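Listing of coords.txt, compact mmCIF, N, CA and C atoms and all ligand atoms
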# COMPACT_ATOMS: atom_id res chain seq x y z
N MET A 233 208.70 43.63 187.59
CA MET A 233 209.78 43.75 188.58
C MET A 233 209.55 44.99 189.44
N ASN A 234 209.72 44.80 190.70
CA ASN A 234 209.57 45.95 191.60
C ASN A 234 210.92 46.61 191.83
N LYS A 235 210.93 47.92 191.75
CA LYS A 235 212.20 48.62 191.87
C LYS A 235 212.67 48.77 193.31
N ILE A 236 211.78 48.48 194.27
CA ILE A 236 212.24 48.55 195.65
C ILE A 236 212.91 47.24 195.98
N SER A 237 214.13 47.07 195.50
CA SER A 237 214.83 45.83 195.81
C SER A 237 215.69 46.04 197.04
N ASP A 238 216.13 47.26 197.21
CA ASP A 238 217.03 47.53 198.31
C ASP A 238 216.27 48.14 199.50
N ASN A 239 215.79 47.26 200.37
CA ASN A 239 215.01 47.74 201.51
C ASN A 239 215.84 48.58 202.48
N LYS A 240 217.13 48.28 202.51
CA LYS A 240 218.02 49.03 203.40
C LYS A 240 218.04 50.50 202.98
N GLU A 241 218.12 50.70 201.68
CA GLU A 241 218.12 52.05 201.14
C GLU A 241 216.79 52.74 201.45
N MET A 242 215.68 51.99 201.30
CA MET A 242 214.37 52.56 201.57
C MET A 242 214.24 52.93 203.05
N MET A 243 214.81 52.11 203.92
CA MET A 243 214.76 52.42 205.35
C MET A 243 215.55 53.71 205.62
N GLY A 244 216.64 53.88 204.90
CA GLY A 244 217.43 55.11 205.02
C GLY A 244 216.61 56.32 204.66
N ILE A 245 215.85 56.19 203.58
CA ILE A 245 214.98 57.29 203.14
C ILE A 245 213.91 57.55 204.20
N PHE A 246 213.38 56.48 204.76
CA PHE A 246 212.37 56.59 205.82
C PHE A 246 212.91 57.40 207.00
N TYR A 247 214.10 57.02 207.48
CA TYR A 247 214.68 57.73 208.62
C TYR A 247 214.95 59.20 208.29
N ARG A 248 215.44 59.43 207.07
CA ARG A 248 215.78 60.79 206.68
C ARG A 248 214.52 61.66 206.57
N MET A 249 213.50 61.15 205.89
CA MET A 249 212.27 61.93 205.69
C MET A 249 211.55 62.16 207.02
N ALA A 250 211.55 61.15 207.88
CA ALA A 250 210.91 61.30 209.18
C ALA A 250 211.61 62.41 209.96
N LYS A 251 212.92 62.39 209.94
CA LYS A 251 213.70 63.39 210.65
C LYS A 251 213.43 64.79 210.10
N GLU A 252 213.44 64.88 208.77
CA GLU A 252 213.20 66.17 208.12
C GLU A 252 211.85 66.76 208.49
N HIS A 253 210.86 65.90 208.70
CA HIS A 253 209.51 66.37 209.00
C HIS A 253 209.19 66.32 210.49
N GLY A 254 210.21 66.09 211.29
CA GLY A 254 210.02 66.09 212.73
C GLY A 254 209.12 64.97 213.22
N LEU A 255 209.11 63.87 212.48
CA LEU A 255 208.29 62.72 212.88
C LEU A 255 209.15 61.79 213.72
N LYS A 256 208.68 61.53 214.92
CA LYS A 256 209.45 60.65 215.81
C LYS A 256 209.46 59.23 215.27
N ILE A 257 210.63 58.63 215.27
CA ILE A 257 210.72 57.24 214.78
C ILE A 257 210.47 56.29 215.94
N THR A 258 209.29 55.70 215.93
CA THR A 258 208.93 54.75 216.98
C THR A 258 209.01 53.34 216.40
N PRO A 259 209.14 52.33 217.27
CA PRO A 259 209.17 50.95 216.76
C PRO A 259 207.92 50.62 215.94
N GLN A 260 206.76 51.15 216.35
CA GLN A 260 205.53 50.87 215.61
C GLN A 260 205.56 51.49 214.22
N ARG A 261 205.99 52.75 214.14
CA ARG A 261 206.06 53.40 212.83
C ARG A 261 207.03 52.67 211.91
N THR A 262 208.16 52.26 212.48
CA THR A 262 209.15 51.52 211.69
C THR A 262 208.54 50.22 211.18
N ALA A 263 207.84 49.53 212.06
CA ALA A 263 207.21 48.25 211.68
C ALA A 263 206.16 48.46 210.57
N ILE A 264 205.40 49.54 210.70
CA ILE A 264 204.36 49.82 209.69
C ILE A 264 205.01 50.09 208.34
N TYR A 265 206.10 50.86 208.37
CA TYR A 265 206.77 51.17 207.10
C TYR A 265 207.38 49.91 206.49
N GLN A 266 208.00 49.07 207.33
CA GLN A 266 208.61 47.84 206.82
C GLN A 266 207.56 46.92 206.19
N GLU A 267 206.41 46.85 206.85
CA GLU A 267 205.34 45.99 206.34
C GLU A 267 204.81 46.54 205.00
N LEU A 268 204.70 47.85 204.91
CA LEU A 268 204.24 48.48 203.67
C LEU A 268 205.25 48.23 202.54
N LEU A 269 206.53 48.33 202.87
CA LEU A 269 207.58 48.08 201.87
C LEU A 269 207.51 46.68 201.31
N LYS A 270 207.19 45.74 202.17
CA LYS A 270 207.12 44.35 201.76
C LYS A 270 205.92 44.08 200.88
N ALA A 271 204.86 44.88 201.06
CA ALA A 271 203.60 44.61 200.38
C ALA A 271 203.70 44.99 198.91
N LYS A 272 203.28 44.09 198.06
CA LYS A 272 203.32 44.38 196.63
C LYS A 272 201.90 44.62 196.11
N ASP A 273 200.93 44.66 197.01
CA ASP A 273 199.53 44.70 196.56
C ASP A 273 198.82 46.01 196.86
N HIS A 274 199.59 47.07 197.16
CA HIS A 274 198.97 48.37 197.43
C HIS A 274 197.87 48.22 198.48
N PRO A 275 198.24 47.82 199.68
CA PRO A 275 197.21 47.49 200.69
C PRO A 275 196.52 48.73 201.26
N SER A 276 195.30 48.52 201.72
CA SER A 276 194.59 49.54 202.47
C SER A 276 195.10 49.48 203.91
N ALA A 277 194.72 50.49 204.71
CA ALA A 277 195.13 50.49 206.12
C ALA A 277 194.64 49.23 206.81
N ASP A 278 193.43 48.82 206.46
CA ASP A 278 192.84 47.64 207.09
C ASP A 278 193.63 46.36 206.77
N VAL A 279 193.98 46.21 205.52
CA VAL A 279 194.75 45.03 205.10
C VAL A 279 196.11 45.00 205.81
N LEU A 280 196.76 46.16 205.86
CA LEU A 280 198.07 46.23 206.50
C LEU A 280 197.95 45.98 208.00
N TYR A 281 196.89 46.51 208.59
CA TYR A 281 196.64 46.31 210.02
C TYR A 281 196.51 44.82 210.34
N ARG A 282 195.78 44.09 209.50
CA ARG A 282 195.59 42.66 209.75
C ARG A 282 196.91 41.88 209.63
N ARG A 283 197.82 42.37 208.83
CA ARG A 283 199.14 41.71 208.76
C ARG A 283 199.99 42.07 209.98
N LEU A 284 199.88 43.32 210.41
CA LEU A 284 200.72 43.81 211.51
C LEU A 284 200.33 43.22 212.85
N ILE A 285 199.03 43.02 213.04
CA ILE A 285 198.53 42.56 214.34
C ILE A 285 199.09 41.18 214.70
N LYS A 286 199.47 40.41 213.67
CA LYS A 286 200.07 39.10 213.91
C LYS A 286 201.44 39.22 214.57
N LYS A 287 202.11 40.32 214.26
CA LYS A 287 203.46 40.52 214.81
C LYS A 287 203.45 41.43 216.02
N ILE A 288 202.56 42.43 215.98
CA ILE A 288 202.48 43.40 217.08
C ILE A 288 201.05 43.39 217.61
N PRO A 289 200.77 42.49 218.55
CA PRO A 289 199.39 42.29 218.99
C PRO A 289 198.73 43.54 219.58
N ASN A 290 199.53 44.48 220.09
CA ASN A 290 198.90 45.65 220.74
C ASN A 290 198.77 46.86 219.81
N ILE A 291 199.06 46.68 218.54
CA ILE A 291 198.94 47.81 217.61
C ILE A 291 197.45 48.05 217.32
N SER A 292 197.06 49.31 217.16
CA SER A 292 195.65 49.58 216.91
C SER A 292 195.45 50.00 215.46
N PHE A 293 194.24 49.77 214.97
CA PHE A 293 193.92 50.15 213.59
C PHE A 293 194.14 51.64 213.39
N ASP A 294 193.74 52.40 214.41
CA ASP A 294 193.87 53.85 214.34
C ASP A 294 195.32 54.29 214.12
N THR A 295 196.22 53.64 214.83
CA THR A 295 197.65 53.95 214.68
C THR A 295 198.10 53.68 213.25
N VAL A 296 197.72 52.52 212.73
CA VAL A 296 198.12 52.15 211.37
C VAL A 296 197.56 53.16 210.38
N ASN A 297 196.28 53.46 210.52
CA ASN A 297 195.60 54.38 209.63
C ASN A 297 196.25 55.77 209.65
N ARG A 298 196.45 56.29 210.85
CA ARG A 298 197.04 57.63 210.97
C ARG A 298 198.47 57.66 210.46
N THR A 299 199.22 56.60 210.77
CA THR A 299 200.62 56.55 210.36
C THR A 299 200.73 56.53 208.83
N LEU A 300 199.86 55.76 208.18
CA LEU A 300 199.90 55.70 206.72
C LEU A 300 199.58 57.07 206.11
N LEU A 301 198.62 57.75 206.69
CA LEU A 301 198.29 59.10 206.22
C LEU A 301 199.50 60.02 206.37
N THR A 302 200.16 59.91 207.51
CA THR A 302 201.37 60.71 207.75
C THR A 302 202.45 60.37 206.73
N PHE A 303 202.63 59.09 206.46
CA PHE A 303 203.62 58.68 205.45
C PHE A 303 203.34 59.34 204.11
N SER A 304 202.06 59.40 203.74
CA SER A 304 201.74 60.01 202.45
C SER A 304 201.98 61.52 202.50
N GLU A 305 201.76 62.12 203.66
CA GLU A 305 201.98 63.56 203.80
C GLU A 305 203.46 63.93 203.71
N ILE A 306 204.32 63.08 204.27
CA ILE A 306 205.74 63.42 204.24
C ILE A 306 206.45 62.83 203.00
N GLY A 307 205.69 62.20 202.16
CA GLY A 307 206.23 61.80 200.86
C GLY A 307 207.00 60.50 200.83
N ILE A 308 206.67 59.57 201.71
CA ILE A 308 207.34 58.26 201.61
C ILE A 308 206.35 57.15 201.21
N ALA A 309 205.12 57.55 200.96
CA ALA A 309 204.14 56.59 200.41
C ALA A 309 203.16 57.38 199.57
N ASN A 310 202.61 56.73 198.58
CA ASN A 310 201.60 57.36 197.75
C ASN A 310 200.24 56.77 198.05
N VAL A 311 199.23 57.64 198.00
CA VAL A 311 197.87 57.12 198.04
C VAL A 311 197.51 56.76 196.61
N VAL A 312 197.03 55.56 196.44
CA VAL A 312 196.71 55.06 195.11
C VAL A 312 195.27 55.43 194.78
N GLU A 313 194.99 55.63 193.50
CA GLU A 313 193.64 55.99 193.07
C GLU A 313 192.61 55.07 193.71
N GLY A 314 191.56 55.67 194.26
CA GLY A 314 190.73 54.90 195.17
C GLY A 314 189.37 54.42 194.70
N TYR A 315 188.66 55.16 193.89
CA TYR A 315 187.32 54.78 193.43
C TYR A 315 186.38 54.49 194.60
N GLY A 316 186.40 55.37 195.58
CA GLY A 316 185.44 55.27 196.68
C GLY A 316 185.72 54.14 197.65
N GLN A 317 186.77 53.38 197.41
CA GLN A 317 187.13 52.33 198.37
C GLN A 317 188.01 52.95 199.42
N PRO A 318 188.32 52.17 200.48
CA PRO A 318 189.28 52.72 201.44
C PRO A 318 190.58 53.07 200.72
N LYS A 319 191.24 54.07 201.21
CA LYS A 319 192.52 54.48 200.62
C LYS A 319 193.49 53.30 200.58
N ARG A 320 194.24 53.21 199.51
CA ARG A 320 195.28 52.19 199.43
C ARG A 320 196.62 52.87 199.22
N TYR A 321 197.66 52.21 199.73
CA TYR A 321 198.97 52.87 199.79
C TYR A 321 200.01 52.14 198.97
N ASP A 322 200.97 52.91 198.48
CA ASP A 322 202.03 52.40 197.62
C ASP A 322 203.36 52.95 198.13
N PRO A 323 204.27 52.05 198.51
CA PRO A 323 205.55 52.56 199.03
C PRO A 323 206.52 52.91 197.91
N ASP A 324 206.19 52.56 196.67
CA ASP A 324 207.11 52.78 195.56
C ASP A 324 206.92 54.18 195.00
N MET A 325 207.87 55.08 195.32
CA MET A 325 207.76 56.47 194.92
C MET A 325 208.37 56.73 193.54
N ILE A 326 209.00 55.69 192.98
CA ILE A 326 209.61 55.83 191.66
C ILE A 326 208.49 55.73 190.62
N THR A 327 208.60 56.53 189.55
CA THR A 327 207.57 56.52 188.51
C THR A 327 207.28 55.10 188.02
N HIS A 328 206.04 54.71 188.17
CA HIS A 328 205.60 53.44 187.62
C HIS A 328 204.11 53.53 187.36
N HIS A 329 203.56 52.51 186.76
CA HIS A 329 202.18 52.57 186.33
C HIS A 329 201.39 51.41 186.91
N HIS A 330 200.10 51.52 186.82
CA HIS A 330 199.25 50.53 187.48
C HIS A 330 198.30 49.86 186.51
N PHE A 331 198.13 48.59 186.72
CA PHE A 331 197.02 47.89 186.09
C PHE A 331 196.05 47.52 187.20
N ARG A 332 194.81 47.95 187.06
CA ARG A 332 193.83 47.63 188.10
C ARG A 332 192.81 46.65 187.56
N CYS A 333 192.64 45.56 188.28
CA CYS A 333 191.65 44.56 187.87
C CYS A 333 190.28 44.97 188.40
N ILE A 334 189.32 45.08 187.51
CA ILE A 334 187.98 45.54 187.90
C ILE A 334 187.21 44.45 188.64
N GLN A 335 187.73 43.21 188.57
CA GLN A 335 187.04 42.10 189.22
C GLN A 335 187.53 41.90 190.66
N CYS A 336 188.83 41.73 190.83
CA CYS A 336 189.35 41.40 192.15
C CYS A 336 190.02 42.61 192.81
N ASN A 337 190.05 43.75 192.09
CA ASN A 337 190.60 44.98 192.65
C ASN A 337 192.09 44.95 192.91
N ASN A 338 192.77 43.96 192.35
CA ASN A 338 194.23 43.95 192.47
C ASN A 338 194.80 45.14 191.72
N ILE A 339 195.82 45.75 192.29
CA ILE A 339 196.54 46.81 191.58
C ILE A 339 197.96 46.31 191.37
N ILE A 340 198.33 46.13 190.13
CA ILE A 340 199.61 45.52 189.79
C ILE A 340 200.51 46.58 189.17
N ASP A 341 201.75 46.66 189.66
CA ASP A 341 202.72 47.62 189.15
C ASP A 341 203.27 47.18 187.81
N PHE A 342 203.50 48.14 186.94
CA PHE A 342 204.32 47.83 185.77
C PHE A 342 205.13 49.04 185.37
N HIS A 343 206.20 48.78 184.65
CA HIS A 343 207.10 49.86 184.21
C HIS A 343 207.08 49.91 182.70
N ASN A 344 207.04 51.11 182.17
CA ASN A 344 207.07 51.27 180.72
C ASN A 344 207.65 52.63 180.39
N LYS A 345 208.73 52.58 179.63
CA LYS A 345 209.48 53.80 179.31
C LYS A 345 208.60 54.80 178.55
N ALA A 346 207.84 54.32 177.59
CA ALA A 346 207.01 55.21 176.77
C ALA A 346 205.97 55.92 177.65
N TYR A 347 205.39 55.21 178.60
CA TYR A 347 204.43 55.83 179.50
C TYR A 347 205.11 56.83 180.44
N ASP A 348 206.34 56.51 180.85
CA ASP A 348 207.07 57.45 181.72
C ASP A 348 207.24 58.79 181.01
N ASP A 349 207.40 58.73 179.70
CA ASP A 349 207.75 59.92 178.92
C ASP A 349 206.55 60.68 178.38
N ILE A 350 205.35 60.27 178.69
CA ILE A 350 204.20 60.99 178.13
C ILE A 350 204.20 62.44 178.58
N THR A 351 203.77 63.31 177.68
CA THR A 351 203.71 64.73 178.03
C THR A 351 202.26 65.11 178.32
N VAL A 352 202.13 65.99 179.28
CA VAL A 352 200.79 66.46 179.67
C VAL A 352 200.35 67.51 178.64
N PRO A 353 199.16 67.37 178.06
CA PRO A 353 198.69 68.35 177.08
C PRO A 353 198.68 69.78 177.66
N GLN A 354 199.00 70.74 176.79
CA GLN A 354 199.07 72.15 177.19
C GLN A 354 197.84 72.62 177.98
N GLU A 355 196.65 72.32 177.44
CA GLU A 355 195.43 72.84 178.08
C GLU A 355 195.24 72.25 179.49
N ILE A 356 195.71 71.02 179.68
CA ILE A 356 195.62 70.42 181.01
C ILE A 356 196.62 71.13 181.94
N GLN A 357 197.79 71.40 181.42
CA GLN A 357 198.81 72.08 182.23
C GLN A 357 198.36 73.47 182.64
N ARG A 358 197.59 74.12 181.77
CA ARG A 358 197.08 75.44 182.12
C ARG A 358 196.01 75.35 183.19
N GLN A 359 195.22 74.30 183.11
CA GLN A 359 194.08 74.16 184.02
C GLN A 359 194.49 73.64 185.40
N PHE A 360 195.45 72.72 185.41
CA PHE A 360 195.80 72.06 186.67
C PHE A 360 197.30 72.16 186.93
N THR A 361 197.65 71.99 188.19
CA THR A 361 199.06 71.82 188.53
C THR A 361 199.32 70.32 188.61
N VAL A 362 200.04 69.82 187.65
CA VAL A 362 200.29 68.37 187.61
C VAL A 362 201.53 68.04 188.42
N LEU A 363 201.38 67.17 189.40
CA LEU A 363 202.49 66.81 190.27
C LEU A 363 203.03 65.42 189.95
N ASN A 364 202.23 64.62 189.29
CA ASN A 364 202.55 63.21 189.19
C ASN A 364 201.85 62.67 187.94
N LYS A 365 202.58 61.92 187.15
CA LYS A 365 201.97 61.32 185.97
C LYS A 365 201.99 59.80 186.12
N LYS A 366 200.83 59.22 185.96
CA LYS A 366 200.77 57.77 186.10
C LYS A 366 199.71 57.25 185.15
N VAL A 367 200.03 56.20 184.44
CA VAL A 367 199.04 55.59 183.56
C VAL A 367 198.36 54.47 184.34
N VAL A 368 197.04 54.49 184.33
CA VAL A 368 196.29 53.43 184.98
C VAL A 368 195.50 52.68 183.92
N LEU A 369 195.79 51.43 183.77
CA LEU A 369 195.04 50.60 182.85
C LEU A 369 194.08 49.76 183.67
N GLU A 370 192.91 49.54 183.15
CA GLU A 370 191.93 48.74 183.87
C GLU A 370 191.43 47.61 183.00
N GLY A 371 191.10 46.53 183.65
CA GLY A 371 190.60 45.38 182.91
C GLY A 371 190.61 44.17 183.81
N LEU A 372 190.88 43.01 183.24
CA LEU A 372 190.90 41.79 184.03
C LEU A 372 192.33 41.30 184.15
N CYS A 373 192.72 40.96 185.37
CA CYS A 373 194.06 40.42 185.58
C CYS A 373 194.11 38.99 185.02
N GLU A 374 195.32 38.43 185.02
CA GLU A 374 195.48 37.09 184.45
C GLU A 374 194.56 36.07 185.08
N LYS A 375 194.51 36.13 186.43
CA LYS A 375 193.69 35.15 187.17
C LYS A 375 192.23 35.29 186.80
N CYS A 376 191.74 36.55 186.78
CA CYS A 376 190.32 36.78 186.54
C CYS A 376 189.93 36.51 185.10
N SER A 377 190.85 36.74 184.15
CA SER A 377 190.45 36.46 182.75
C SER A 377 190.30 34.97 182.51
N LYS A 378 191.01 34.17 183.32
CA LYS A 378 190.90 32.70 183.15
C LYS A 378 189.55 32.18 183.64
N LYS A 379 188.93 32.94 184.56
CA LYS A 379 187.66 32.46 185.15
C LYS A 379 186.48 32.65 184.22
N ILE A 380 186.66 33.46 183.18
CA ILE A 380 185.52 33.73 182.29
C ILE A 380 185.26 32.57 181.33
ZN ZN B 1 191.60 40.08 188.97
ZN ZN B 2 202.28 50.91 192.53

Let me see whether you can do it: turn the structure in this file into structure tokens.
Amino acid sequence: MNKISDNKEMMGIFYRMAKEHGLKITPQRTAIYQELLKAKDHPSADVLYRRLIKKIPNISFDTVNRTLLTFSEIGIANVVEGYGQPKRYDPDMITHHHFRCIQCNNIIDFHNKAYDDITVPQEIQRQFTVLNKKVVLEGLCEKCSKKI
């Protein structure tokens, strides 16, 4: 289940965060954010661009790419672990975890209370400043395990 059920509330956060960071709210930026909110597949800029161009024929890849980077900078989207692929984005800022399929590269959200509560080991806390805890499981998704 995805916790972003209330898009209206998310749009409110979008307007507030944009305002706080002095980001002008343009129709294109709004459209990019709405499309990202709808996406459940942690899309890359390219994937999102291909969806947007159907609705906004004059939007450029560069705009989509830059806007997504800005969204991650002002804290309304997360960059998902990348493994050398193009950056992928996640509009869900609430603590959740990922299952990544090594075959089809799908990143699927899941929620788990025990994982939310994991504590960072002392030595890691001394070495790094931890801002975000997320468990990433890797393997084969349902679809890909059936193909074997
Ligand atoms: Zn898969
Ligand atoms: Zn996610």

Exercise for review: Apply DSSP to the backbone of this structure and, from chain A, keep only the residues in alpha helix (DSSP H); write these as a PyMOL selection string.
Suggested key: chain A and resi 239-252+259-270+277-284+293-305+345-348+354-359+374-379

Could you produce a table of the residues of chain A lying within 8 Å of ligand ZN 2 (chain B), with the nearest pair of atoms per residue and their separation in Å rounded to one decimal, using only C-alpha atoms and all ligand atoms, ordered by chain and increasing residue number, as a Markdown table?
| residue | atom | partner | partner_atom | distance |
| --- | --- | --- | --- | --- |
| A:Lys272 | CA | B:ZN2 | ZN | 7.8 |
| A:Asp273 | CA | B:ZN2 | ZN | 7.9 |
| A:His274 | CA | B:ZN2 | ZN | 6.4 |
| A:Val312 | CA | B:ZN2 | ZN | 7.4 |
| A:Asp322 | CA | B:ZN2 | ZN | 5.3 |
| A:Pro323 | CA | B:ZN2 | ZN | 7.5 |
| A:Asp324 | CA | B:ZN2 | ZN | 6.0 |
| A:His328 | CA | B:ZN2 | ZN | 6.4 |
| A:His329 | CA | B:ZN2 | ZN | 6.4 |
| A:His330 | CA | B:ZN2 | ZN | 5.9 |
| A:Ile339 | CA | B:ZN2 | ZN | 7.1 |
| A:Ile340 | CA | B:ZN2 | ZN | 6.6 |
| A:Asp341 | CA | B:ZN2 | ZN | 4.7 |
| A:Phe342 | CA | B:ZN2 | ZN | 7.7 |

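Residues surrounding range 297-308 of chain A within 7 Å are A:Phe246, A:Met249, A:His253, A:Arg261, A:Ala277, A:Asp278, A:Ser292, A:Phe293, A:Asp322, A:Pro323, A:Asp324, A:Met325 [all atoms listed in the file; sequence separation below 4 positions excluded].
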
Practice item. Go through the chains and note each residue within 6 Å of ligand ZN 1 (chain B), using only N, CA and C atoms and all ligand atoms, then give the set as a count of residues only. Key: 12

Review point. By how many Å are atom N of Gly244 in chain A and atom C of Pro259 in chain A apart?
Key: 14.4 Å

Practice item. Have a look at CA of Leu284 in chain A and CA of Thr258 in chain A and let me know their distance in Å, one decimal. Key: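 Distance between the two atoms: 14.7 Å.
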
**Study point:** Backbone-only DSSP, strand (DSSP E) members of range 235-323 of chain A, as a PyMOL selection string
**Key:** chain A and resi 310-312+320-322

Take every atom of range 330-340 of chain A listed in the file, fit an axis-aligned box around them, add 4 Å per side, and give the centre and edge lengths in Å to one decimal as lines of an AutoDock Vina configuration file.
center_x = 193.8
center_y = 46.5
center_z = 189.5
size_x = 21.5
size_y = 18.1
size_z = 14.8

Point to revise | CA of Tyr321 in chain A to atom C of Pro275 in chain A, distance in Å rounded to a single decimal | key: 5.0 Å

Review point. Which polymer residues have any atom within 7 Å of an atom of His343 in chain A, counting all atoms listed in the file, with same-chain residues fewer than 3 positions away left out, as a list in words?
Key: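 Near His343 in chain A, the qualifying residues are Met233, Thr327, His328, His329, Ala346, Tyr347 and Asp348 of chain A.
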
Exercise for review: May I have the residues within 12 Å of range 349-355 of chain A as a ChimeraX atom specification, using only C-alpha atoms and disregarding those fewer than 3 positions away in the same chain?
Suggested key: /A:327-329,343-346,358-367

Check your understanding: Which residue out of A:Pro318, A:Ala309, A:Leu369, A:Lys287 has the minimum interatomic distance to Arg332 in chain A when only C-alpha atoms are used?
Key ->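 The answer is A:Leu369, which sits nearest to Arg332 in chain A.
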